[in-house]
file upload-v8.txt (compact mmCIF, C-alpha atoms (C1' of nucleotides))
# COMPACT_ATOMS: atom_id res chain seq x y z
CA MET A 1 2.07 -22.21 27.69
CA PRO A 2 4.59 -24.45 26.01
CA ARG A 3 6.11 -24.26 22.62
CA PRO A 4 3.30 -25.27 20.33
CA PHE A 5 3.72 -22.69 17.60
CA ALA A 6 6.71 -21.16 16.01
CA GLU A 7 7.70 -17.63 15.20
CA PRO A 8 6.74 -17.29 11.51
CA LEU A 9 3.26 -18.61 12.18
CA ARG A 10 2.70 -16.14 14.99
CA ARG A 11 4.08 -13.21 13.09
CA ARG A 12 1.79 -13.93 10.21
CA ALA A 13 -1.22 -14.39 12.46
CA LEU A 14 -0.48 -11.08 14.15
CA ILE A 15 -0.18 -9.27 10.84
CA ASP A 16 -3.47 -10.72 9.64
CA ALA A 17 -5.07 -9.74 12.91
CA ALA A 18 -3.67 -6.24 12.57
CA ILE A 19 -5.21 -5.86 9.12
CA ALA A 20 -8.55 -7.10 10.37
CA ALA A 21 -8.49 -4.83 13.41
CA ILE A 22 -7.39 -1.78 11.45
CA GLY A 23 -10.01 -2.49 8.83
CA GLU A 24 -12.77 -2.77 11.38
CA ARG A 25 -11.82 0.30 13.40
CA GLY A 26 -10.92 2.15 10.21
CA SER A 27 -7.81 3.58 11.78
CA LEU A 28 -4.45 2.73 13.18
CA ASP A 29 -5.33 3.34 16.76
CA VAL A 30 -6.07 -0.19 17.60
CA THR A 31 -4.42 -1.47 20.73
CA MET A 32 -1.80 -4.16 20.84
CA SER A 33 -4.13 -6.14 23.08
CA GLU A 34 -6.90 -5.98 20.50
CA ILE A 35 -4.61 -7.24 17.77
CA ALA A 36 -3.05 -9.89 19.95
CA GLY A 37 -6.46 -11.01 21.17
CA ARG A 38 -7.67 -11.45 17.61
CA ALA A 39 -4.61 -13.54 16.87
CA GLY A 40 -5.36 -15.60 19.93
CA VAL A 41 -2.27 -14.65 21.90
CA SER A 42 -1.36 -12.29 24.70
CA SER A 43 -0.21 -8.75 24.05
CA ALA A 44 3.09 -9.64 25.68
CA LEU A 45 3.74 -12.10 22.89
CA ALA A 46 3.08 -9.52 20.23
CA HIS A 47 5.67 -7.32 21.89
CA HIS A 48 8.02 -10.26 22.14
CA TYR A 49 7.97 -10.79 18.39
CA PHE A 50 7.67 -7.24 17.12
CA GLY A 51 9.11 -5.11 19.86
CA ALA A 52 7.32 -1.82 19.50
CA LYS A 53 3.90 -1.30 18.01
CA GLU A 54 5.39 0.68 15.16
CA GLU A 55 7.30 -2.39 14.05
CA LEU A 56 4.14 -4.42 13.82
CA LEU A 57 2.44 -1.68 11.85
CA LEU A 58 5.40 -1.40 9.54
CA ALA A 59 5.45 -5.15 9.00
CA THR A 60 1.74 -5.02 8.22
CA MET A 61 2.24 -2.30 5.65
CA ARG A 62 5.11 -4.23 4.10
CA HIS A 63 2.91 -7.27 3.89
CA LEU A 64 0.21 -5.34 2.05
CA LEU A 65 2.77 -3.84 -0.28
CA THR A 66 4.29 -7.23 -1.01
CA GLU A 67 0.97 -8.81 -1.83
CA LEU A 68 0.03 -5.96 -4.12
CA GLY A 69 3.41 -6.20 -5.80
CA THR A 70 3.03 -9.90 -6.38
CA ASP A 71 -0.40 -9.47 -7.92
CA VAL A 72 0.78 -6.67 -10.17
CA ARG A 73 3.77 -8.62 -11.38
CA ALA A 74 1.61 -11.61 -12.20
CA ALA A 75 -0.88 -9.49 -14.11
CA LEU A 76 1.80 -7.61 -16.02
CA SER A 77 3.46 -10.81 -17.13
CA GLU A 78 0.27 -11.74 -18.95
CA ALA A 79 -0.13 -8.41 -20.68
CA GLU A 80 0.83 -8.62 -24.35
CA THR A 81 0.53 -5.01 -25.41
CA PRO A 82 1.31 -1.65 -23.80
CA ARG A 83 -2.37 -0.89 -23.66
CA ALA A 84 -2.95 -4.17 -21.88
CA ARG A 85 -0.28 -3.26 -19.33
CA ILE A 86 -2.23 -0.21 -18.31
CA SER A 87 -5.42 -2.21 -17.94
CA ALA A 88 -3.60 -4.89 -15.98
CA VAL A 89 -2.37 -2.39 -13.40
CA VAL A 90 -5.81 -0.87 -13.07
CA ALA A 91 -7.50 -4.25 -12.81
CA VAL A 92 -5.22 -5.43 -10.03
CA ASN A 93 -5.72 -2.32 -7.94
CA PHE A 94 -9.45 -2.89 -8.00
CA SER A 95 -9.38 -6.67 -7.85
CA VAL A 96 -11.33 -8.54 -5.21
CA THR A 97 -8.18 -9.26 -3.25
CA GLN A 98 -7.06 -5.63 -3.14
CA PHE A 99 -10.18 -3.50 -3.19
CA ARG A 100 -11.67 -4.91 -0.01
CA PRO A 101 -12.91 -2.56 2.70
CA GLU A 102 -10.34 -3.64 5.30
CA ILE A 103 -7.48 -3.25 2.87
CA VAL A 104 -8.68 0.11 1.67
CA ALA A 105 -9.18 1.33 5.22
CA ALA A 106 -5.69 0.17 6.12
CA TRP A 107 -4.13 2.01 3.19
CA LEU A 108 -5.89 5.20 4.09
CA ALA A 109 -4.88 4.89 7.72
CA PHE A 110 -1.28 4.30 6.70
CA TYR A 111 -1.33 7.42 4.57
CA VAL A 112 -2.25 9.44 7.61
CA GLU A 113 0.27 7.74 9.84
CA ALA A 114 2.97 8.35 7.24
CA GLN A 115 2.75 12.00 8.23
CA LYS A 116 4.25 11.03 11.56
CA SER A 117 6.51 8.13 10.68
CA ALA A 118 9.36 8.66 8.28
CA ARG A 119 9.77 4.92 7.78
CA LEU A 120 6.15 4.49 6.83
CA ARG A 121 6.43 7.44 4.50
CA ARG A 122 9.33 5.79 2.76
CA LEU A 123 7.28 2.64 2.20
CA LEU A 124 4.41 4.62 0.76
CA ARG A 125 6.81 6.35 -1.61
CA VAL A 126 7.94 2.97 -2.84
CA TYR A 127 4.34 2.16 -3.60
CA ALA A 128 3.72 5.46 -5.37
CA ARG A 129 6.82 5.14 -7.48
CA ARG A 130 6.05 1.57 -8.43
CA LEU A 131 2.51 2.43 -9.42
CA HIS A 132 3.72 5.32 -11.50
CA SER A 133 6.41 3.37 -13.23
CA ASN A 134 4.13 0.44 -13.98
CA LEU A 135 1.58 2.72 -15.56
CA LEU A 136 4.28 4.59 -17.40
CA SER A 137 5.60 1.38 -18.90
CA GLY A 138 2.32 1.17 -20.78
CA PHE A 139 1.83 4.82 -21.64
CA VAL A 140 5.33 5.39 -22.88
CA ALA A 141 4.80 3.16 -25.90
CA LEU A 142 1.58 4.92 -26.82
CA LEU A 143 2.28 8.60 -26.29
CA PRO A 144 5.23 10.97 -26.52
CA ARG A 145 7.23 11.15 -23.30
CA PRO A 146 5.79 14.22 -21.66
CA GLN A 147 2.18 13.20 -22.32
CA ALA A 148 2.93 9.68 -21.15
CA GLU A 149 4.25 11.05 -17.86
CA LYS A 150 1.19 13.19 -17.37
CA GLY A 151 -1.09 10.32 -18.25
CA ALA A 152 0.53 8.02 -15.72
CA GLU A 153 0.33 10.70 -13.05
CA ALA A 154 -3.32 11.31 -13.70
CA ILE A 155 -4.28 7.66 -13.61
CA ALA A 156 -2.28 7.06 -10.45
CA ALA A 157 -3.98 9.97 -8.71
CA LEU A 158 -7.35 8.81 -9.96
CA ILE A 159 -6.81 5.36 -8.49
CA ASP A 160 -5.88 6.84 -5.12
CA GLY A 161 -8.91 9.09 -5.24
CA LEU A 162 -11.23 6.18 -5.87
CA TYR A 163 -9.71 4.39 -2.90
CA ILE A 164 -10.60 7.32 -0.67
CA ARG A 165 -14.12 7.31 -1.94
CA ARG A 166 -14.42 3.63 -1.30
CA ALA A 167 -13.28 4.20 2.26
CA LEU A 168 -16.02 6.77 2.68
CA LYS A 169 -18.45 4.13 1.46
CA ASP A 170 -20.50 6.80 -0.21
CA GLY A 171 -21.85 4.28 -2.60
CA LEU A 172 -20.36 4.62 -6.04
CA PRO A 173 -17.15 2.78 -6.36
CA ASN A 174 -17.55 -0.92 -6.44
CA SER A 175 -14.83 -2.72 -8.32
CA ALA A 176 -16.57 -2.80 -11.66
CA SER A 177 -17.63 0.82 -11.82
CA ALA A 178 -14.24 1.99 -10.56
CA VAL A 179 -12.45 0.10 -13.29
CA ALA A 180 -14.89 1.39 -15.89
CA LEU A 181 -14.31 4.96 -14.76
CA VAL A 182 -10.54 4.66 -14.90
CA GLU A 183 -10.60 2.93 -18.25
CA GLN A 184 -12.75 5.68 -19.65
CA VAL A 185 -10.21 8.26 -18.58
CA VAL A 186 -7.40 6.16 -20.01
CA GLU A 187 -9.20 6.00 -23.34
CA ALA A 188 -9.91 9.69 -23.38
CA THR A 189 -6.32 10.50 -22.52
CA LEU A 190 -4.91 8.25 -25.21
CA ALA A 191 -7.30 9.54 -27.83
CA HIS A 192 -6.78 13.16 -26.96
CA SER A 193 -2.99 13.23 -26.84
CA LYS A 194 -1.58 12.51 -30.25
CA PRO A 195 -0.15 9.02 -30.71
CA SER A 196 3.63 9.05 -30.61
CA ALA A 197 5.90 9.33 -33.61
CA MET B 1 -8.64 35.75 35.13
CA PRO B 2 -11.46 38.14 34.33
CA ARG B 3 -13.77 38.40 31.40
CA PRO B 4 -11.50 39.86 28.78
CA PHE B 5 -12.56 37.85 25.79
CA ALA B 6 -15.87 36.59 24.67
CA GLU B 7 -17.10 33.27 23.41
CA PRO B 8 -17.04 33.70 19.61
CA LEU B 9 -13.47 34.96 19.74
CA ARG B 10 -12.32 32.00 21.79
CA ARG B 11 -14.16 29.48 19.66
CA ARG B 12 -12.59 30.86 16.56
CA ALA B 13 -9.13 30.91 18.09
CA LEU B 14 -9.54 27.32 19.19
CA ILE B 15 -10.65 26.21 15.74
CA ASP B 16 -7.69 27.95 14.15
CA ALA B 17 -5.39 26.37 16.68
CA ALA B 18 -6.91 22.98 15.96
CA ILE B 19 -6.22 23.35 12.25
CA ALA B 20 -2.66 24.38 12.93
CA ALA B 21 -2.07 21.55 15.37
CA ILE B 22 -3.65 18.93 13.15
CA GLY B 23 -1.70 20.22 10.20
CA GLU B 24 1.58 20.06 12.04
CA ARG B 25 1.07 16.63 13.57
CA GLY B 26 -0.60 15.43 10.39
CA SER B 27 -3.30 13.63 12.28
CA LEU B 28 -6.24 14.10 14.57
CA ASP B 29 -4.56 12.79 17.62
CA VAL B 30 -3.55 16.09 18.96
CA THR B 31 -4.39 16.68 22.58
CA MET B 32 -6.85 19.21 23.83
CA SER B 33 -4.02 20.76 25.83
CA GLU B 34 -1.94 21.19 22.70
CA ILE B 35 -4.77 22.92 20.89
CA ALA B 36 -5.72 25.04 23.87
CA GLY B 37 -2.09 25.97 24.44
CA ARG B 38 -1.74 27.15 20.87
CA ALA B 39 -4.84 29.27 21.30
CA GLY B 40 -3.34 30.68 24.48
CA VAL B 41 -5.92 29.30 26.86
CA SER B 42 -6.19 26.38 29.26
CA SER B 43 -7.54 23.03 28.19
CA ALA B 44 -10.34 23.49 30.68
CA LEU B 45 -11.58 26.45 28.69
CA ALA B 46 -11.62 24.46 25.48
CA HIS B 47 -13.79 21.92 27.22
CA HIS B 48 -15.94 24.69 28.60
CA TYR B 49 -16.76 25.96 25.14
CA PHE B 50 -16.86 22.76 23.14
CA GLY B 51 -17.66 20.08 25.66
CA ALA B 52 -16.11 16.96 24.21
CA LYS B 53 -13.14 16.86 21.92
CA GLU B 54 -15.28 15.46 19.14
CA GLU B 55 -17.33 18.64 19.14
CA LEU B 56 -14.27 20.75 18.60
CA LEU B 57 -13.12 18.51 15.79
CA LEU B 58 -16.55 18.64 14.21
CA ALA B 59 -16.63 22.41 14.48
CA THR B 60 -13.21 22.54 12.86
CA MET B 61 -14.34 20.39 9.97
CA ARG B 62 -17.46 22.50 9.55
CA HIS B 63 -15.29 25.59 9.46
CA LEU B 64 -13.13 24.16 6.70
CA LEU B 65 -16.19 23.09 4.77
CA THR B 66 -17.76 26.51 5.11
CA GLU B 67 -14.67 28.30 3.90
CA LEU B 68 -14.36 26.03 0.91
CA GLY B 69 -18.03 26.51 0.15
CA THR B 70 -17.71 30.26 0.27
CA ASP B 71 -14.74 30.24 -2.07
CA VAL B 72 -16.48 27.94 -4.52
CA ARG B 73 -19.63 30.02 -4.58
CA ALA B 74 -17.64 33.15 -5.24
CA ALA B 75 -15.72 31.54 -8.07
CA LEU B 76 -18.81 30.03 -9.65
CA SER B 77 -20.60 33.34 -9.67
CA GLU B 78 -17.90 34.71 -11.95
CA ALA B 79 -18.00 31.80 -14.36
CA GLU B 80 -19.76 32.76 -17.57
CA THR B 81 -19.81 29.44 -19.39
CA PRO B 82 -20.30 25.81 -18.39
CA ARG B 83 -16.70 25.11 -19.26
CA ALA B 84 -15.64 27.97 -17.01
CA ARG B 85 -17.67 26.50 -14.16
CA ILE B 86 -15.60 23.36 -14.26
CA SER B 87 -12.37 25.31 -14.24
CA ALA B 88 -13.62 27.48 -11.41
CA VAL B 89 -14.27 24.50 -9.19
CA VAL B 90 -10.90 23.01 -9.98
CA ALA B 91 -9.12 26.30 -9.44
CA VAL B 92 -10.65 26.83 -6.01
CA ASN B 93 -9.76 23.38 -4.78
CA PHE B 94 -6.13 24.04 -5.59
CA SER B 95 -6.07 27.71 -4.67
CA VAL B 96 -3.51 29.05 -2.23
CA THR B 97 -6.10 29.28 0.50
CA GLN B 98 -7.25 25.66 0.16
CA PHE B 99 -4.28 23.67 -1.06
CA ARG B 100 -2.05 24.43 1.93
CA PRO B 101 -0.29 21.61 3.72
CA GLU B 102 -2.16 22.07 7.01
CA ILE B 103 -5.51 22.11 5.28
CA VAL B 104 -4.69 19.09 3.18
CA ALA B 105 -3.43 17.19 6.20
CA ALA B 106 -6.58 18.07 8.09
CA TRP B 107 -8.82 16.82 5.29
CA LEU B 108 -6.97 13.55 5.10
CA ALA B 109 -7.13 13.10 8.85
CA PHE B 110 -10.84 13.81 8.81
CA TYR B 111 -11.36 11.20 6.15
CA VAL B 112 -9.83 8.61 8.41
CA GLU B 113 -11.72 9.78 11.47
CA ALA B 114 -14.95 9.63 9.50
CA GLN B 115 -14.61 5.88 9.64
CA LYS B 116 -15.26 6.12 13.36
CA SER B 117 -17.60 9.06 13.64
CA ALA B 118 -20.94 8.98 11.88
CA ARG B 119 -21.38 12.72 12.28
CA LEU B 120 -18.05 13.42 10.63
CA ARG B 121 -18.94 11.00 7.86
CA ARG B 122 -22.11 12.90 7.22
CA LEU B 123 -20.16 16.14 6.85
CA LEU B 124 -17.78 14.57 4.42
CA ARG B 125 -20.68 13.30 2.36
CA VAL B 126 -21.99 16.82 2.15
CA TYR B 127 -18.65 17.87 0.76
CA ALA B 128 -18.53 15.02 -1.73
CA ARG B 129 -22.03 15.69 -2.98
CA ARG B 130 -21.40 19.38 -3.31
CA LEU B 131 -18.22 18.85 -5.25
CA HIS B 132 -19.95 16.41 -7.55
CA SER B 133 -22.91 18.61 -8.17
CA ASN B 134 -20.80 21.69 -8.81
CA LEU B 135 -18.75 19.85 -11.36
CA LEU B 136 -21.83 18.33 -12.88
CA SER B 137 -23.39 21.75 -13.34
CA GLY B 138 -20.64 22.41 -15.85
CA PHE B 139 -20.44 19.02 -17.52
CA VAL B 140 -24.14 18.64 -18.01
CA ALA B 141 -24.29 21.44 -20.54
CA LEU B 142 -21.40 19.99 -22.53
CA LEU B 143 -22.06 16.27 -22.61
CA PRO B 144 -25.04 13.93 -22.62
CA ARG B 145 -26.24 13.06 -19.12
CA PRO B 146 -24.52 9.75 -18.52
CA GLN B 147 -21.17 10.96 -19.79
CA ALA B 148 -21.53 14.14 -17.78
CA GLU B 149 -22.10 12.10 -14.63
CA LYS B 150 -19.05 9.98 -15.30
CA GLY B 151 -16.96 13.02 -16.09
CA ALA B 152 -17.90 14.70 -12.84
CA GLU B 153 -17.14 11.56 -10.87
CA ALA B 154 -13.77 11.17 -12.49
CA ILE B 155 -12.72 14.75 -11.86
CA ALA B 156 -13.92 14.64 -8.26
CA ALA B 157 -11.93 11.47 -7.59
CA LEU B 158 -8.93 12.95 -9.34
CA ILE B 159 -9.00 16.00 -7.10
CA ASP B 160 -9.17 13.84 -3.99
CA GLY B 161 -6.31 11.73 -5.27
CA LEU B 162 -4.13 14.76 -5.82
CA TYR B 163 -4.85 15.87 -2.28
CA ILE B 164 -3.55 12.57 -0.96
CA ARG B 165 -0.42 12.92 -2.99
CA ARG B 166 0.12 16.38 -1.69
CA ALA B 167 -0.14 15.04 1.84
CA LEU B 168 2.57 12.53 1.05
CA LYS B 169 4.71 15.48 -0.03
CA ASP B 170 6.34 13.32 -2.63
CA GLY B 171 7.06 16.35 -4.67
CA LEU B 172 4.85 16.61 -7.70
CA PRO B 173 1.64 18.37 -7.00
CA ASN B 174 2.08 22.01 -6.42
CA SER B 175 -0.98 24.09 -7.18
CA ALA B 176 -0.05 24.88 -10.74
CA SER B 177 0.84 21.40 -11.86
CA ALA B 178 -2.17 19.91 -10.11
CA VAL B 179 -4.51 22.28 -11.91
CA ALA B 180 -2.77 21.60 -15.21
CA LEU B 181 -3.17 17.87 -14.73
CA VAL B 182 -6.86 18.09 -13.93
CA GLU B 183 -7.52 20.48 -16.78
CA GLN B 184 -5.82 18.12 -19.16
CA VAL B 185 -8.12 15.31 -18.08
CA VAL B 186 -11.14 17.60 -18.38
CA GLU B 187 -10.14 18.48 -21.92
CA ALA B 188 -9.56 14.89 -22.88
CA THR B 189 -12.87 13.83 -21.41
CA LEU B 190 -14.80 16.57 -23.17
CA ALA B 191 -13.11 15.90 -26.48
CA HIS B 192 -13.50 12.16 -26.30
CA SER B 193 -17.15 11.98 -25.30
CA LYS B 194 -19.33 13.32 -28.09
CA PRO B 195 -20.74 16.79 -27.50
CA SER B 196 -24.39 16.68 -26.47
CA ALA B 197 -27.30 16.95 -28.87
C1' DG C 1 -25.29 40.27 43.24
C1' DT C 2 -25.71 37.64 39.38
C1' DT C 3 -23.55 36.03 35.36
C1' DT C 4 -19.57 34.61 32.56
C1' DA C 5 -14.65 33.68 31.70
C1' DT C 6 -11.01 31.35 33.26
C1' DT C 7 -7.89 28.29 35.53
C1' DG C 8 -5.12 24.84 38.42
C1' DA C 9 -5.49 20.82 40.34
C1' DC C 10 -7.69 16.49 40.17
C1' DT C 11 -9.44 11.76 38.61
C1' DG C 12 -10.13 7.66 36.04
C1' DA C 13 -9.26 5.21 32.17
C1' DT C 14 -6.48 3.45 28.77
C1' DC C 15 -2.28 1.61 26.86
C1' DA C 16 2.51 0.59 25.37
C1' DG C 17 6.01 -1.69 26.99
C1' DT C 18 8.59 -4.70 30.75
C1' DC C 19 9.68 -8.70 33.44
C1' DA C 20 10.02 -12.61 36.04
C1' DA C 21 7.96 -16.96 36.15
C1' DT C 22 6.23 -21.25 33.79
C1' DT C 23 6.19 -24.84 30.56
C1' DA C 24 7.49 -27.74 27.11
C1' DA C 25 10.20 -28.79 23.09
C1' DA C 26 14.97 -29.71 21.54
C1' DA C 27 19.64 -30.67 22.19
C1' DT C 28 23.20 -32.81 24.75
C1' DC C 29 24.95 -36.23 27.33
C1' DA C 30 25.21 -40.75 30.16
C1' DT D 1 17.30 -45.08 26.14
C1' DG D 2 16.71 -42.19 29.74
C1' DA D 3 18.41 -38.15 32.36
C1' DT D 4 19.57 -33.28 32.28
C1' DT D 5 20.45 -28.98 30.34
C1' DT D 6 19.54 -25.47 27.24
C1' DT D 7 16.49 -22.80 24.50
C1' DA D 8 12.16 -20.81 22.91
C1' DA D 9 7.20 -19.74 23.62
C1' DT D 10 4.08 -17.78 26.39
C1' DT D 11 1.69 -15.29 29.90
C1' DG D 12 -0.19 -12.59 34.04
C1' DA D 13 0.76 -9.06 36.58
C1' DC D 14 2.99 -4.74 36.72
C1' DT D 15 4.43 0.27 35.74
C1' DG D 16 4.61 4.84 33.96
C1' DA D 17 2.89 7.97 30.95
C1' DT D 18 -0.60 10.28 28.74
C1' DC D 19 -5.09 12.40 28.30
C1' DA D 20 -10.07 13.55 28.21
C1' DG D 21 -13.04 15.37 31.05
C1' DT D 22 -14.58 17.50 35.83
C1' DC D 23 -14.93 20.84 39.40
C1' DA D 24 -14.56 24.07 42.78
C1' DA D 25 -12.46 28.47 43.21
C1' DT D 26 -11.50 33.23 41.60
C1' DA D 27 -12.22 37.46 39.50
C1' DA D 28 -13.93 40.73 36.40
C1' DA D 29 -17.88 42.60 34.00
C1' DC D 30 -22.66 43.78 34.03
call {"tool": "encode", "arguments": {"input": "upload-v8.txt", "output": "structure tokens"}}
result
Amino acid sequence: MPRPFAEPLRRRALIDAAIAAIGERGSLDVTMSEIAGRAGVSSALAHHYFGAKEELLLATMRHLLTELGTDVRAALSEAETPRARISAVVAVNFSVTQFRPEIVAAWLAFYVEAQKSARLRRLLRVYARRLHSNLLSGFVALLPRPQAEKGAEAIAALIDGLYIRRALKDGLPNSASAVALVEQVVEATLAHSKPSA
Amino acid sequence: MPRPFAEPLRRRALIDAAIAAIGERGSLDVTMSEIAGRAGVSSALAHHYFGAKEELLLATMRHLLTELGTDVRAALSEAETPRARISAVVAVNFSVTQFRPEIVAAWLAFYVEAQKSARLRRLLRVYARRLHSNLLSGFVALLPRPQAEKGAEAIAALIDGLYIRRALKDGLPNSASAVALVEQVVEATLAHSKPSA
DNA sequence: GTTTATTGACTGATCAGTCAATTAAAATCA
DNA sequence: TGATTTTAATTGACTGATCAGTCAATAAAC
């Protein structure tokens, strides 16, 4: 066919299709044809725009990371106190836009794939560091350094753990109860470690 | 060749080889030939004993689950107090036999695969329930019911989250620091929620 | 002589990635 | 403006590789 649509539109459609396909299958071994089909184009076109499959997957991961980053930045800008910063980060991670089954499944799948792909691993590290540093920016004003570090680590790990459980769909973690659980641990951690000097 | 080795030996060798292969690749898409090769047999033999690949994977998962279960039971039997029960569960999950890179990678890979395979999902649920109930058996004597439930959920999710982070190899969680982190959260949770009546 | 272990050699399916051909929009020119 | 050339979008039809799973053949143990 002719030249009806342009590159950015197609790229975006393919990334959206990739998220949907990965979310439905629950893993990264979806075929290029499946993704392309969902986006309403041929697999040849997907290769035309992204080259190898890994590039498309990488672009998809970057997209997810960018959206999460945008949401977090917006939420943090509204937070007035250190304590509110912590809650903002938690809230965003379990917000309706982020804590959806497809998104969660995609994250989990990317974690596994990162074992194989150094580039993917690097992206995931960016995410981990950002999460840690955002949490730390709240904790550090409320606790002495070493406790603040530990607190941020614990909350970050807890968030990841709840994501896994969501992927398993074993019931428990809907958004609200996940947030409540994390907040409870935040409270306990803050109360237990002595407030900073 | 003749009849030099018998079924149970081969099955076990194949399961061990599967764990090693999955651990090295970091995902479940290892080929039957790769696994069989590692076990020193032909892929045809692997099919002879396990039928489909999924059966071998399932058997591998069951093996991991069984070993973990055995370790946990042993540790719990030595725990004298409720508080010690909690620590015992935590300690086993991060023990040298469980918290090895191959094992961690295998768990993560199985989580992803569970999205596709209902039978695998069922096994993982067994694990999740067992972990929760073991933790709860400690918490329930120290906190009122609802808080005990929440505490057990939080610690279980935290453990899973630390496993993910280990898989990412981003540094932090070696056994010792992982245990310390979890114990800190346990302490904070126990101190913060009022002791039971 | 029956049973069991074991394999090499297949087969069929699936997929990532390529490529030459087609079509139409855009740019250039008359 | 209308003609023509260039450029980009798009695909169907391939190819080559990889793999799960099968099977008939062999040989040792019982």
call {"tool": "atom_distance", "arguments": {"input": "upload-v8.txt", "atom1": "atom CA of B:Lys53", "atom2": "atom CA of A:Ala114"}}
result
23.4 Å
call {"tool": "interface_residues", "arguments": {"input": "upload-v8.txt", "of": "chain C", "to": "chain B", "cutoff": "12 Å", "atoms": "only C-alpha atoms (C1' of nucleotides)", "output": "number ranges by chain"}}
result
C: 3-9
call {"tool": "atom_distance", "arguments": {"input": "upload-v8.txt", "atom1": "atom CA of A:Asn174", "atom2": "atom CA of B:Ala141"}}
result
27.3 Å
call {"tool": "residues_around", "arguments": {"input": "upload-v8.txt", "residues": "C:DG12", "least_positions_apart": "6", "cutoff": "12 Å", "atoms": "all atoms listed in the file", "output": "VMD selection string"}}
result
chain D and resid 19 to 22
call {"tool": "closest_residue", "arguments": {"input": "upload-v8.txt", "among": "D:DA8, D:DC30, D:DA13, D:DA25", "to": "chain A", "atoms": "all atoms listed in the file"}}
result
D:DA8
call {"tool": "closest_atom_pairs", "arguments": {"input": "upload-v8.txt", "of": "chain D", "to": "chain B", "cutoff": "7 Å", "atoms": "only C-alpha atoms (C1' of nucleotides)", "output": "tab-separated table"}}
result
residue	atom	partner	partner_atom	distance
D:DA27	C1'	B:Pro2	CA	5.3
D:DA28	C1'	B:Pro2	CA	4.1
D:DA29	C1'	B:Arg3	CA	6.4
